[in-house]
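What follows is a short report on a single structure.
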Amino acid sequence: MLVHLQGPWSPLLGRLTLQQIPYHVPILMVTFIVVAILAAVVLAAATYFGKWGYLWREWLTTVDHKKIGVMYILLGLIMLLRGFADALMIRTQQAMAVGPSSPGEMGAVHGYLTPFHLGQIFTAHGLIMVVFAATPLLVGLMNIIVPLQIGARDMAYPYLNALGLWLTTAGAALVMLSLFVGNFAHGGWYGFVPYFELPYSPGVGVDYWMWTFQLSAIGTSLGSINLIATIVKMRAPGMTWMRLPIFTWASLSTNLIALTSFPVLMVALALLGLDRYVGTHFYTAGMGGNLMLYNDLFWVWGHPEVYFLILPAFGIMSEIIPTFSEKTLFGSATLVLASFAIGGVSWGVWLHHFFTMAATPSVNSFYSVTTMLVGIPTGVKVFNWIFTMYRGRVRYELPMLWALLALFLLLVGGMTGMMNAFASNDYMWHNGLFVVAHFHLMVLTIAASIFGAVEYWFPKVFGFKLEQKWGTWFFWFMVIGSGITFVTMFFLGFGGMTRRLDYIPYTQWSPYLHIMLLGMVFYVVAVLFFVAHLYVSLRDRVKNRAGADVWGTGRSLEWATHSPVPAYNFAITPNVNARDEWTWRKENGLTELHPGDYEGIHMPKNTGVPLFLGILFMGLGFALIWRIWWLALLCVALIVALIIIRSFDRDTDMTIPAHAVEQVESGARDEMSATMPTAGVRGGTVIAHSIPQSGTGGISGSTTSTSPSWAPMDR
Amino acid sequence: MSASAAQKVDPAQATLWARHYAGHDMIGTRTFGFWLYMLTDAMVYAALFASLGVLSHAVNLAGGPSPSAFINPIYAYGETITLFLSVLIYGYSMVALKNGNRGAVIGSMFVAMLLGIVYLVIAGVDIGNMFAHGIFPQVSGFLSIFFTIIIYHALHILVGVVWMLVMMVQIAREGFSANVIYRLINLRLFWHFQAVIWVFVFTFVYLQGMVA
């Protein structure tokens, strides 16, 4: 049944041979040496400091939604850095390889990258940034924040949550492995048929692309089931739908998109896989295949995916802006409606990705109009945020700066998106840099919200604030870098430059390409500032200790528990009385976090099974990429066996006894009161919260951001 | 713009902490999640049936046989009867669960599982016959999607059969614990869902293929 392969194949190692190690490519070898040294250092450090047990108990086997979220975000940051390195190489190549007289280095005719190598880089850049950077970062944030905002102890399915993380990690690990064993696809991140079919792409690159994509799709679908079930089923008493915080609403709509769209991606990739492995004719040119089928299936996922990424970003902005405007969110019901309107219309716009391919004018008109419709709910949101700030007490702290940057980028990216919505325009600039600049501004909107969210919620998770100085430098260099790079890219788009060029024949574009490279320099410096930002924050963490209500003007339930959040989130499940529950409590002087006698808390136990399943799925992916059939069958058998064995495990839960809860809670209180006078009330019912409110015209609170208001309060 | 303006809860009377909160209904949560999983699987089928629609034109036969030439309605009829009978008997198993009758649950589940295996045998014979006549997925775009849908459906039946086997062991081992009960309910959803999907496979793959 299997297809005939070109090149060597052995039963033991499949297509894997020593020639598949790219030791003749200096860039890859240097990368490999750096990665190997880094890995050795990390492993040696873990061994030297005796941290393996800690890592195993606290992180690798954890089912705690906060730790899983942190690991998602770490994964996202690492892959963001990898995707950024790819971007840097693309920009450098394009600045170098202009005009027929431009020199060539390291085997390239022009520039320093061969077309094959550059193709792998832009493919990896796209795939990594979309599914291995932005997606884990957002999923991680949702993982951490959603259960806290709805007053839950954990996600609905903690075990499934860990499984989603390790599947995504397995996919990311395979992408990284493709650097050093074999190669990656070189035809663009969304694939082309029949170009990605076996006869035209006989190497393992497309297989790497396909299986890593598939793994992340499975991981994200599982995650979406978990988040929807958590939001629908795990809300604290009193948390009615209209009291749901706006980020949780955004998470709900975004995960409904993921739930319904990722299966279509799985089908699109699986059918390509059948073509490549079994020799079927879904997308072949001839033999009854239909190559438009791939385009349609892929983008039926691809466009909803875009809104899957942007809706949580909107949710983040909707949390940050009210907090730092000290006002309730303007028209939150309309914002919820707008989120679901965007989620709904996302299903009817996919054809705008290929207006120029084989559609009649009436079809193009339909998708043109639906695409423009997206602007209406998005515009509603923009006005919601603007009116929230209007007459608010706006504080320009770092999270707010990022949210405002996201708002600005959204305006420019959205307006240019409306220009792209005209099918007639697409005939001018399909696959041009104008489109590329547009969607980069949109993903930068997402990135800016993510950085804002990290600044905003970091103290909640780790118990200390990030410092402001280096963070501000980081922010401004990102602003300048984005401006220089992508405004210039719009100009090149107007000039008619198309995307993914390894050689640029027109020397008059050279100045623009060099200006873009200058923008990249700002980005590189920004990354250094980011590292300094993290380092200084970590160094000064004792100085920057944060209380429960870190910013003094937090509004939703996540600020009503200690920072860092205990494993069980809330010692006693909160009862919700208002939409902005924490603000409501502050206004009424009910900010006490010590509810009295504690009870035992029922929690899931740690388990290593999800990690092992992730490793086995990675093995399965590797075996399928290299067509090592025995290994693939072994991995499938072990996966099935492990799932069944786990289902017989009855010892999956534990109860945290009441005295342990008491200990943790009083520890958190002592830590708070160590640096300030205690209230001197017997029983120590005092902690951390915001200043009691007395204002009438607006939510008054601490406007001096540098001193979070966690002064103790007398009962 | 005070947030409290719209609130009707009296702060003096407010309950801030839900003491002795019994937690969330575990079985309901698990079942809800399984409905969501089935929605994803329904989307997979939707994409596959859409692909069937796209690949059902004369050009997609690529000179290969058209479905009316090789589809044998006897097999599809047999699969329909066994699968629906199996679902019915699984329903009896659930009635026995309500009555707390362990033996009857295991017994009827065993029959339902056997019927699932019979379904797989019929599907295997059907596919084997087609292969014997040179009708392979590799022949044309239409045959690719034709075989993909029926084999994907048969794989689900296989999963259901294995799942029933596991559940019989678990019922025998630990009785009707909360874990076992939610799994039995989810398996019921899964098994009924396969019958529902079979209606679509039968209509769009077999019947439509016959008259094409």
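To be explicit about the labels: the chains of the structure tokens are called A, B, and onward in the order shown, and within each one the residues are counted from 1, while ligands get numbers from 1 in the order they are shown.
Proximity to Gly64 (chain B) at 12 Å, evaluated using only C-alpha atoms and with sequence-adjacent residues fewer than 4 positions away removed, yields Met287 and Gly288 of chain A; Ala58, Val59, Asn60, Ser68, Ala69, Phe70, His133, Gly134, Ile135, Phe136, Pro137, Gln138, Val139, Ser140, Gly141, Phe142, Leu143 and Ser144 of chain B.
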Find the spatial neighbours of Ile127 (chain B), counting only C-alpha atoms, within a cut-off of 9 Å - ignore same-chain residues fewer than 5 positions away - and output them as a PyMOL selection string. chain B and resi 122+132+135+147+151
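Here the question is which of A:Leu441, A:Val487, A:Val661, A:Ala152 gets nearest to chain B using only C-alpha atoms, and that residue is A:Ala152.
As for CA of Leu77 (chain A) and CA of Ala39 (chain A), they are spaced 16.6 Å apart.
With distances restricted to only C-alpha atoms, A:Gly289 is the closest residue to chain B from A:Pro604, A:Gly164, A:Gly331, A:Gly289.
Neighbouring residues of region 226-233 of chain A at 8 Å or closer, counting only C-alpha atoms and skipping chain neighbours under 4 positions away, are Met142, Asn143, Val146, Pro147, Ile150, Met155, Ala156, Tyr157, Leu160, Asn161, Leu222, Thr248, Ser251, Leu252, Asn255 and Leu256 of chain A; His24, Thr29, Phe32 and Gly33 of chain B.
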Written selection (C-alpha atoms) as a PDB file, in the first residue's frame:
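Okay, result-v2.pdb is ready:
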ATOM      1  CA  MET A 142      -5.577  31.554  29.349  1.00  0.00           C
ATOM      2  CA  ASN A 143      -4.467  28.560  31.375  1.00  0.00           C
ATOM      3  CA  VAL A 146      -9.175  31.857  33.330  1.00  0.00           C
ATOM      4  CA  PRO A 147      -9.473  29.550  36.385  1.00  0.00           C
ATOM      5  CA  ILE A 150     -13.822  32.400  37.528  1.00  0.00           C
ATOM      6  CA  MET A 155      -9.036  23.462  35.016  1.00  0.00           C
ATOM      7  CA  ALA A 156     -11.858  21.024  34.350  1.00  0.00           C
ATOM      8  CA  TYR A 157      -9.384  18.327  33.253  1.00  0.00           C
ATOM      9  CA  LEU A 160      -5.687  16.644  29.771  1.00  0.00           C
ATOM     10  CA  ASN A 161      -4.210  20.090  30.317  1.00  0.00           C
ATOM     11  CA  LEU A 222      -7.505  19.284  23.553  1.00  0.00           C
ATOM     12  CA  THR A 248     -12.707  34.868  30.168  1.00  0.00           C
ATOM     13  CA  SER A 251     -11.185  32.938  25.954  1.00  0.00           C
ATOM     14  CA  LEU A 252     -14.548  31.274  25.535  1.00  0.00           C
ATOM     15  CA  ASN A 255     -11.705  28.409  22.136  1.00  0.00           C
ATOM     16  CA  LEU A 256     -15.010  27.853  20.397  1.00  0.00           C
TER      17      LEU A 256
ATOM     18  CA  HIS B  24     -18.472  20.923  40.779  1.00  0.00           C
ATOM     19  CA  THR B  29     -18.233  18.123  33.712  1.00  0.00           C
ATOM     20  CA  PHE B  32     -19.884  17.970  28.836  1.00  0.00           C
ATOM     21  CA  GLY B  33     -16.245  17.724  27.788  1.00  0.00           C
TER      22      GLY B  33
END
Near Met113 (chain B), counting only C-alpha atoms, which residues have an atom at most 10 Å away, once you skip same-chain residues fewer than 2 positions from it, shown as a PyMOL selection string? chain B and resi 83+86-87+89-90+107-111+115-119+157-158+160-165
Could the residues in this selection be saved with C-alpha atoms as a short mmCIF file (atom, residue, chain, number, x, y, z; two decimals), in the first residue's frame?
data_model
loop_
_atom_site.label_atom_id
_atom_site.label_comp_id
_atom_site.auth_asym_id
_atom_site.auth_seq_id
_atom_site.Cartn_x
_atom_site.Cartn_y
_atom_site.Cartn_z
CA LEU B 83 -24.33 -1.34 14.27
CA SER B 86 -25.29 -2.97 18.91
CA VAL B 87 -26.36 0.56 19.88
CA ILE B 89 -28.17 -3.42 23.16
CA TYR B 90 -25.73 -0.90 24.61
CA GLY B 107 -23.56 -9.11 29.63
CA SER B 108 -25.29 -6.69 27.30
CA MET B 109 -22.08 -4.76 26.77
CA PHE B 110 -20.46 -8.01 25.72
CA VAL B 111 -23.18 -8.57 23.12
CA LEU B 115 -21.89 -6.95 17.24
CA GLY B 116 -19.24 -4.25 16.85
CA ILE B 117 -16.77 -6.96 15.92
CA VAL B 118 -19.27 -8.40 13.42
CA TYR B 119 -19.54 -4.92 11.93
CA ILE B 157 -15.83 1.23 15.74
CA LEU B 158 -12.53 -0.45 16.61
CA GLY B 160 -15.39 1.57 20.65
CA VAL B 161 -14.83 -2.19 20.79
CA VAL B 162 -11.55 -1.79 22.71
CA TRP B 163 -13.19 0.75 25.01
CA MET B 164 -16.03 -1.67 25.80
CA LEU B 165 -13.51 -4.39 26.58
#
Using only C-alpha atoms, which protein or nucleic acid residues come within 12 Å of Pro459 (chain A)? Drop anything in the same chain fewer than 2 positions from it, and give the result as a PyMOL selection string. chain A and resi 399+453-457+461-467+537-538+541-542+544-551+558-559+561-565+708
So which residues touch Ala195 (chain B) within 7 Å, counting only C-alpha atoms, skipping near sequence neighbours fewer than 4 positions away, as a PyMOL selection string? chain B and resi 83-84+191+199
Would you mind telling me which residue in B:Leu97, B:Ile74, B:Leu16, B:Ile150 lies nearest to Leu557 (chain A) when using only C-alpha atoms? B:Leu16
As a short mmCIF file (atom, residue, chain, number, x, y, z; two decimals) with N, CA and C atoms, in the first residue's frame, please: every residue in region 410-613 of chain A that a backbone DSSP assignment puts in alpha helix (DSSP H).
data_model
loop_
_atom_site.label_atom_id
_atom_site.label_comp_id
_atom_site.auth_asym_id
_atom_site.auth_seq_id
_atom_site.Cartn_x
_atom_site.Cartn_y
_atom_site.Cartn_z
N LEU A 410 -3.34 47.83 16.10
CA LEU A 410 -4.60 47.27 15.61
C LEU A 410 -5.26 48.23 14.62
N LEU A 411 -5.18 49.52 14.92
CA LEU A 411 -5.78 50.49 14.00
C LEU A 411 -5.10 50.45 12.64
N VAL A 412 -3.77 50.52 12.63
CA VAL A 412 -3.06 50.53 11.35
C VAL A 412 -3.24 49.19 10.64
N GLY A 413 -3.04 48.10 11.39
CA GLY A 413 -3.19 46.77 10.79
C GLY A 413 -4.61 46.53 10.31
N GLY A 414 -5.57 47.00 11.07
CA GLY A 414 -6.97 46.77 10.70
C GLY A 414 -7.36 47.57 9.47
N MET A 415 -6.92 48.83 9.41
CA MET A 415 -7.26 49.65 8.25
C MET A 415 -6.65 49.06 6.98
N THR A 416 -5.38 48.64 7.06
CA THR A 416 -4.78 48.03 5.86
C THR A 416 -5.47 46.71 5.55
N GLY A 417 -5.97 46.03 6.59
CA GLY A 417 -6.73 44.81 6.35
C GLY A 417 -7.98 45.10 5.55
N MET A 418 -8.64 46.22 5.85
CA MET A 418 -9.81 46.60 5.07
C MET A 418 -9.43 46.84 3.61
N MET A 419 -8.22 47.41 3.41
CA MET A 419 -7.78 47.60 2.02
C MET A 419 -7.59 46.25 1.33
N ASN A 420 -7.09 45.28 2.09
CA ASN A 420 -6.91 43.95 1.49
C ASN A 420 -8.23 43.26 1.22
N ALA A 423 -11.36 42.54 -3.27
CA ALA A 423 -10.79 41.52 -4.14
C ALA A 423 -10.01 42.15 -5.28
N SER A 424 -10.50 43.29 -5.78
CA SER A 424 -9.81 43.93 -6.90
C SER A 424 -8.39 44.34 -6.51
N ASN A 425 -8.22 44.83 -5.27
CA ASN A 425 -6.88 45.18 -4.82
C ASN A 425 -5.97 43.97 -4.81
N ASP A 426 -6.56 42.82 -4.45
CA ASP A 426 -5.72 41.63 -4.33
C ASP A 426 -5.09 41.24 -5.65
N TYR A 427 -5.79 41.57 -6.75
CA TYR A 427 -5.19 41.25 -8.04
C TYR A 427 -3.92 42.06 -8.25
N MET A 428 -3.79 43.19 -7.53
CA MET A 428 -2.58 44.00 -7.64
C MET A 428 -1.48 43.48 -6.71
N TRP A 429 -1.84 43.08 -5.51
CA TRP A 429 -0.76 42.84 -4.54
C TRP A 429 -0.86 41.47 -3.87
N LEU A 433 4.33 42.41 -0.51
CA LEU A 433 4.77 42.81 0.82
C LEU A 433 3.74 43.67 1.54
N PHE A 434 2.79 44.28 0.77
CA PHE A 434 1.75 45.06 1.45
C PHE A 434 0.95 44.15 2.37
N VAL A 435 0.59 42.98 1.86
CA VAL A 435 -0.16 42.01 2.66
C VAL A 435 0.70 41.54 3.84
N VAL A 436 1.99 41.29 3.55
CA VAL A 436 2.88 40.81 4.60
C VAL A 436 2.98 41.84 5.73
N ALA A 437 3.12 43.12 5.34
CA ALA A 437 3.23 44.17 6.36
C ALA A 437 1.93 44.25 7.16
N HIS A 438 0.79 44.12 6.45
CA HIS A 438 -0.50 44.15 7.16
C HIS A 438 -0.56 43.07 8.23
N PHE A 439 -0.30 41.81 7.85
CA PHE A 439 -0.52 40.79 8.87
C PHE A 439 0.58 40.78 9.92
N HIS A 440 1.75 41.35 9.59
CA HIS A 440 2.74 41.48 10.66
C HIS A 440 2.30 42.51 11.69
N LEU A 441 1.63 43.57 11.25
CA LEU A 441 1.13 44.52 12.25
C LEU A 441 0.07 43.85 13.12
N MET A 442 -0.73 42.96 12.52
CA MET A 442 -1.74 42.27 13.32
C MET A 442 -1.09 41.34 14.34
N VAL A 443 -0.07 40.57 13.90
CA VAL A 443 0.56 39.68 14.88
C VAL A 443 1.38 40.48 15.90
N LEU A 444 1.85 41.67 15.50
CA LEU A 444 2.51 42.51 16.50
C LEU A 444 1.49 43.04 17.52
N THR A 445 0.25 43.25 17.07
CA THR A 445 -0.81 43.58 18.02
C THR A 445 -0.92 42.49 19.07
N ILE A 446 -0.91 41.24 18.59
CA ILE A 446 -0.99 40.11 19.50
C ILE A 446 0.24 40.09 20.41
N ALA A 447 1.43 40.29 19.81
CA ALA A 447 2.65 40.26 20.61
C ALA A 447 2.64 41.35 21.67
N ALA A 448 2.19 42.57 21.27
CA ALA A 448 2.17 43.66 22.24
C ALA A 448 1.23 43.34 23.39
N SER A 449 0.05 42.77 23.07
CA SER A 449 -0.86 42.40 24.17
C SER A 449 -0.24 41.34 25.05
N ILE A 450 0.48 40.40 24.44
CA ILE A 450 1.09 39.34 25.25
C ILE A 450 2.12 39.93 26.20
N PHE A 451 2.97 40.85 25.68
CA PHE A 451 3.95 41.45 26.58
C PHE A 451 3.25 42.24 27.68
N GLY A 452 2.17 42.94 27.30
CA GLY A 452 1.40 43.65 28.31
C GLY A 452 0.85 42.69 29.35
N ALA A 453 0.33 41.55 28.88
CA ALA A 453 -0.26 40.58 29.80
C ALA A 453 0.79 40.01 30.73
N VAL A 454 2.00 39.78 30.18
CA VAL A 454 3.07 39.23 31.03
C VAL A 454 3.43 40.25 32.11
N GLU A 455 3.57 41.53 31.72
CA GLU A 455 3.85 42.56 32.73
C GLU A 455 2.74 42.63 33.77
N TYR A 456 1.51 42.49 33.27
CA TYR A 456 0.33 42.72 34.10
C TYR A 456 0.12 41.58 35.10
N TRP A 457 0.23 40.35 34.65
CA TRP A 457 -0.10 39.21 35.51
C TRP A 457 1.12 38.52 36.11
N PHE A 458 2.32 38.92 35.69
CA PHE A 458 3.52 38.29 36.24
C PHE A 458 3.53 38.32 37.76
N PRO A 459 3.26 39.47 38.39
CA PRO A 459 3.30 39.50 39.87
C PRO A 459 2.28 38.57 40.50
N LYS A 460 1.16 38.36 39.82
CA LYS A 460 0.14 37.46 40.36
C LYS A 460 0.67 36.04 40.45
N VAL A 461 1.46 35.65 39.46
CA VAL A 461 1.96 34.27 39.40
C VAL A 461 3.21 34.10 40.26
N PHE A 462 4.11 35.11 40.23
CA PHE A 462 5.40 34.93 40.90
C PHE A 462 5.55 35.73 42.18
N LYS A 469 12.45 50.09 34.56
CA LYS A 469 13.39 50.86 33.74
C LYS A 469 13.72 50.13 32.44
N TRP A 470 14.26 48.91 32.59
CA TRP A 470 14.66 48.18 31.38
C TRP A 470 13.43 47.79 30.56
N GLY A 471 12.34 47.54 31.27
CA GLY A 471 11.11 47.21 30.56
C GLY A 471 10.65 48.34 29.67
N THR A 472 10.85 49.60 30.14
CA THR A 472 10.46 50.74 29.33
C THR A 472 11.36 50.87 28.11
N TRP A 473 12.67 50.64 28.33
CA TRP A 473 13.58 50.65 27.18
C TRP A 473 13.17 49.58 26.16
N PHE A 474 12.87 48.41 26.68
CA PHE A 474 12.44 47.31 25.81
C PHE A 474 11.22 47.75 25.00
N PHE A 475 10.26 48.36 25.69
CA PHE A 475 9.04 48.78 25.02
C PHE A 475 9.34 49.75 23.88
N TRP A 476 10.14 50.80 24.18
CA TRP A 476 10.35 51.83 23.15
C TRP A 476 11.17 51.31 22.00
N PHE A 477 12.12 50.41 22.27
CA PHE A 477 12.88 49.86 21.15
C PHE A 477 12.01 48.96 20.29
N MET A 478 11.07 48.26 20.90
CA MET A 478 10.13 47.48 20.09
C MET A 478 9.27 48.40 19.23
N VAL A 479 8.85 49.54 19.81
CA VAL A 479 8.04 50.49 19.04
C VAL A 479 8.84 51.00 17.84
N ILE A 480 10.07 51.43 18.11
CA ILE A 480 10.88 52.01 17.03
C ILE A 480 11.20 50.95 15.98
N GLY A 481 11.58 49.76 16.45
CA GLY A 481 11.90 48.68 15.52
C GLY A 481 10.71 48.36 14.63
N SER A 482 9.53 48.23 15.23
CA SER A 482 8.34 47.90 14.45
C SER A 482 8.04 49.01 13.45
N GLY A 483 8.16 50.24 13.90
CA GLY A 483 7.86 51.36 13.01
C GLY A 483 8.78 51.36 11.81
N ILE A 484 10.08 51.29 12.07
CA ILE A 484 11.04 51.37 10.96
C ILE A 484 10.85 50.20 10.01
N THR A 485 10.71 48.98 10.57
CA THR A 485 10.66 47.81 9.71
C THR A 485 9.37 47.78 8.89
N PHE A 486 8.24 47.98 9.54
CA PHE A 486 7.01 47.65 8.83
C PHE A 486 6.42 48.82 8.06
N VAL A 487 6.70 50.06 8.47
CA VAL A 487 6.29 51.17 7.61
C VAL A 487 7.03 51.07 6.28
N THR A 488 8.34 50.76 6.38
CA THR A 488 9.12 50.59 5.17
C THR A 488 8.58 49.45 4.32
N MET A 489 8.14 48.41 5.00
CA MET A 489 7.61 47.27 4.26
C MET A 489 6.35 47.65 3.48
N PHE A 490 5.53 48.52 4.05
CA PHE A 490 4.36 49.00 3.29
C PHE A 490 4.81 49.70 2.01
N PHE A 491 5.88 50.52 2.13
CA PHE A 491 6.36 51.23 0.94
C PHE A 491 6.81 50.24 -0.13
N LEU A 492 7.56 49.22 0.29
CA LEU A 492 8.01 48.22 -0.67
C LEU A 492 6.82 47.50 -1.27
N GLY A 493 5.78 47.30 -0.44
CA GLY A 493 4.57 46.67 -0.97
C GLY A 493 3.93 47.52 -2.05
N PHE A 494 3.86 48.84 -1.81
CA PHE A 494 3.34 49.73 -2.84
C PHE A 494 4.23 49.67 -4.08
N GLY A 495 5.53 49.50 -3.83
CA GLY A 495 6.46 49.43 -4.95
C GLY A 495 6.34 48.16 -5.76
N SER A 510 17.01 48.74 -2.73
CA SER A 510 18.06 48.49 -1.74
C SER A 510 17.98 49.40 -0.51
N PRO A 511 17.77 50.74 -0.67
CA PRO A 511 17.69 51.59 0.53
C PRO A 511 16.61 51.13 1.49
N TYR A 512 15.44 50.77 0.94
CA TYR A 512 14.34 50.35 1.81
C TYR A 512 14.72 49.09 2.58
N LEU A 513 15.36 48.14 1.86
CA LEU A 513 15.73 46.89 2.54
C LEU A 513 16.75 47.15 3.63
N HIS A 514 17.63 48.15 3.40
CA HIS A 514 18.60 48.46 4.45
C HIS A 514 17.95 49.18 5.62
N ILE A 515 16.93 50.01 5.33
CA ILE A 515 16.22 50.66 6.44
C ILE A 515 15.53 49.60 7.29
N MET A 516 14.96 48.57 6.61
CA MET A 516 14.32 47.50 7.37
C MET A 516 15.33 46.77 8.24
N LEU A 517 16.54 46.62 7.70
CA LEU A 517 17.58 45.96 8.50
C LEU A 517 17.92 46.80 9.73
N LEU A 518 17.89 48.13 9.55
CA LEU A 518 18.11 49.02 10.70
C LEU A 518 17.03 48.77 11.76
N GLY A 519 15.79 48.61 11.29
CA GLY A 519 14.71 48.28 12.23
C GLY A 519 15.01 47.01 12.99
N MET A 520 15.60 46.03 12.29
CA MET A 520 15.93 44.78 12.95
C MET A 520 16.99 45.00 14.02
N VAL A 521 17.91 45.96 13.80
CA VAL A 521 18.92 46.27 14.82
C VAL A 521 18.22 46.71 16.10
N PHE A 522 17.19 47.57 15.94
CA PHE A 522 16.45 48.00 17.12
C PHE A 522 15.80 46.81 17.82
N TYR A 523 15.28 45.88 17.02
CA TYR A 523 14.68 44.69 17.62
C TYR A 523 15.72 43.89 18.42
N VAL A 524 16.91 43.75 17.83
CA VAL A 524 17.95 42.96 18.51
C VAL A 524 18.28 43.61 19.86
N VAL A 525 18.45 44.94 19.83
CA VAL A 525 18.74 45.64 21.09
C VAL A 525 17.57 45.46 22.05
N ALA A 526 16.35 45.48 21.51
CA ALA A 526 15.17 45.30 22.35
C ALA A 526 15.23 43.94 23.06
N VAL A 527 15.66 42.91 22.33
CA VAL A 527 15.76 41.58 22.95
C VAL A 527 16.74 41.64 24.11
N LEU A 528 17.88 42.36 23.91
CA LEU A 528 18.85 42.48 25.00
C LEU A 528 18.23 43.19 26.19
N PHE A 529 17.47 44.26 25.91
CA PHE A 529 16.79 44.96 27.01
C PHE A 529 15.82 44.03 27.73
N PHE A 530 15.16 43.17 26.96
CA PHE A 530 14.20 42.23 27.56
C PHE A 530 14.92 41.30 28.53
N VAL A 531 16.09 40.82 28.10
CA VAL A 531 16.87 39.93 28.98
C VAL A 531 17.27 40.69 30.25
N ALA A 532 17.74 41.94 30.05
CA ALA A 532 18.11 42.75 31.21
C ALA A 532 16.90 42.97 32.12
N HIS A 533 15.77 43.21 31.51
CA HIS A 533 14.50 43.41 32.22
C HIS A 533 14.22 42.21 33.13
N LEU A 534 14.32 41.02 32.57
CA LEU A 534 14.07 39.82 33.37
C LEU A 534 15.13 39.64 34.45
N TYR A 535 16.40 39.88 34.07
CA TYR A 535 17.48 39.65 35.02
C TYR A 535 17.36 40.60 36.22
N VAL A 536 17.17 41.89 35.93
CA VAL A 536 17.10 42.87 37.02
C VAL A 536 15.87 42.59 37.89
N SER A 537 14.77 42.22 37.26
CA SER A 537 13.56 41.92 38.03
C SER A 537 13.81 40.76 38.98
N LEU A 538 14.49 39.74 38.45
CA LEU A 538 14.75 38.56 39.26
C LEU A 538 15.69 38.90 40.41
N ARG A 539 16.69 39.77 40.10
CA ARG A 539 17.67 40.14 41.11
C ARG A 539 17.00 40.93 42.24
N GLU A 581 -15.92 41.97 40.59
CA GLU A 581 -16.10 41.54 41.97
C GLU A 581 -15.12 42.21 42.92
N TRP A 582 -13.85 42.24 42.54
CA TRP A 582 -12.83 42.76 43.46
C TRP A 582 -13.02 44.25 43.66
N THR A 583 -13.37 44.95 42.60
CA THR A 583 -13.64 46.38 42.73
C THR A 583 -14.84 46.60 43.65
N TRP A 584 -15.85 45.78 43.45
CA TRP A 584 -17.04 45.89 44.29
C TRP A 584 -16.69 45.67 45.76
N ARG A 585 -15.85 44.68 45.99
CA ARG A 585 -15.45 44.42 47.38
C ARG A 585 -14.66 45.58 47.95
N LYS A 586 -13.79 46.15 47.11
CA LYS A 586 -12.99 47.27 47.60
C LYS A 586 -13.89 48.46 47.91
N GLU A 587 -14.84 48.73 47.06
CA GLU A 587 -15.72 49.88 47.28
C GLU A 587 -16.53 49.72 48.54
N VAL A 609 2.30 10.62 33.45
CA VAL A 609 1.76 10.03 32.22
C VAL A 609 1.72 11.03 31.05
N PRO A 610 1.23 12.27 31.26
CA PRO A 610 1.19 13.19 30.12
C PRO A 610 2.57 13.43 29.51
N LEU A 611 3.60 13.53 30.37
CA LEU A 611 4.95 13.73 29.85
C LEU A 611 5.38 12.54 29.00
N PHE A 612 5.12 11.32 29.50
CA PHE A 612 5.50 10.13 28.73
C PHE A 612 4.73 10.07 27.42
N LEU A 613 3.44 10.43 27.47
CA LEU A 613 2.65 10.44 26.22
C LEU A 613 3.25 11.45 25.24
#
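The two atoms in question, CA of Leu207 (chain B) and CA of Leu155 (chain B), are spaced 21.2 Å apart.
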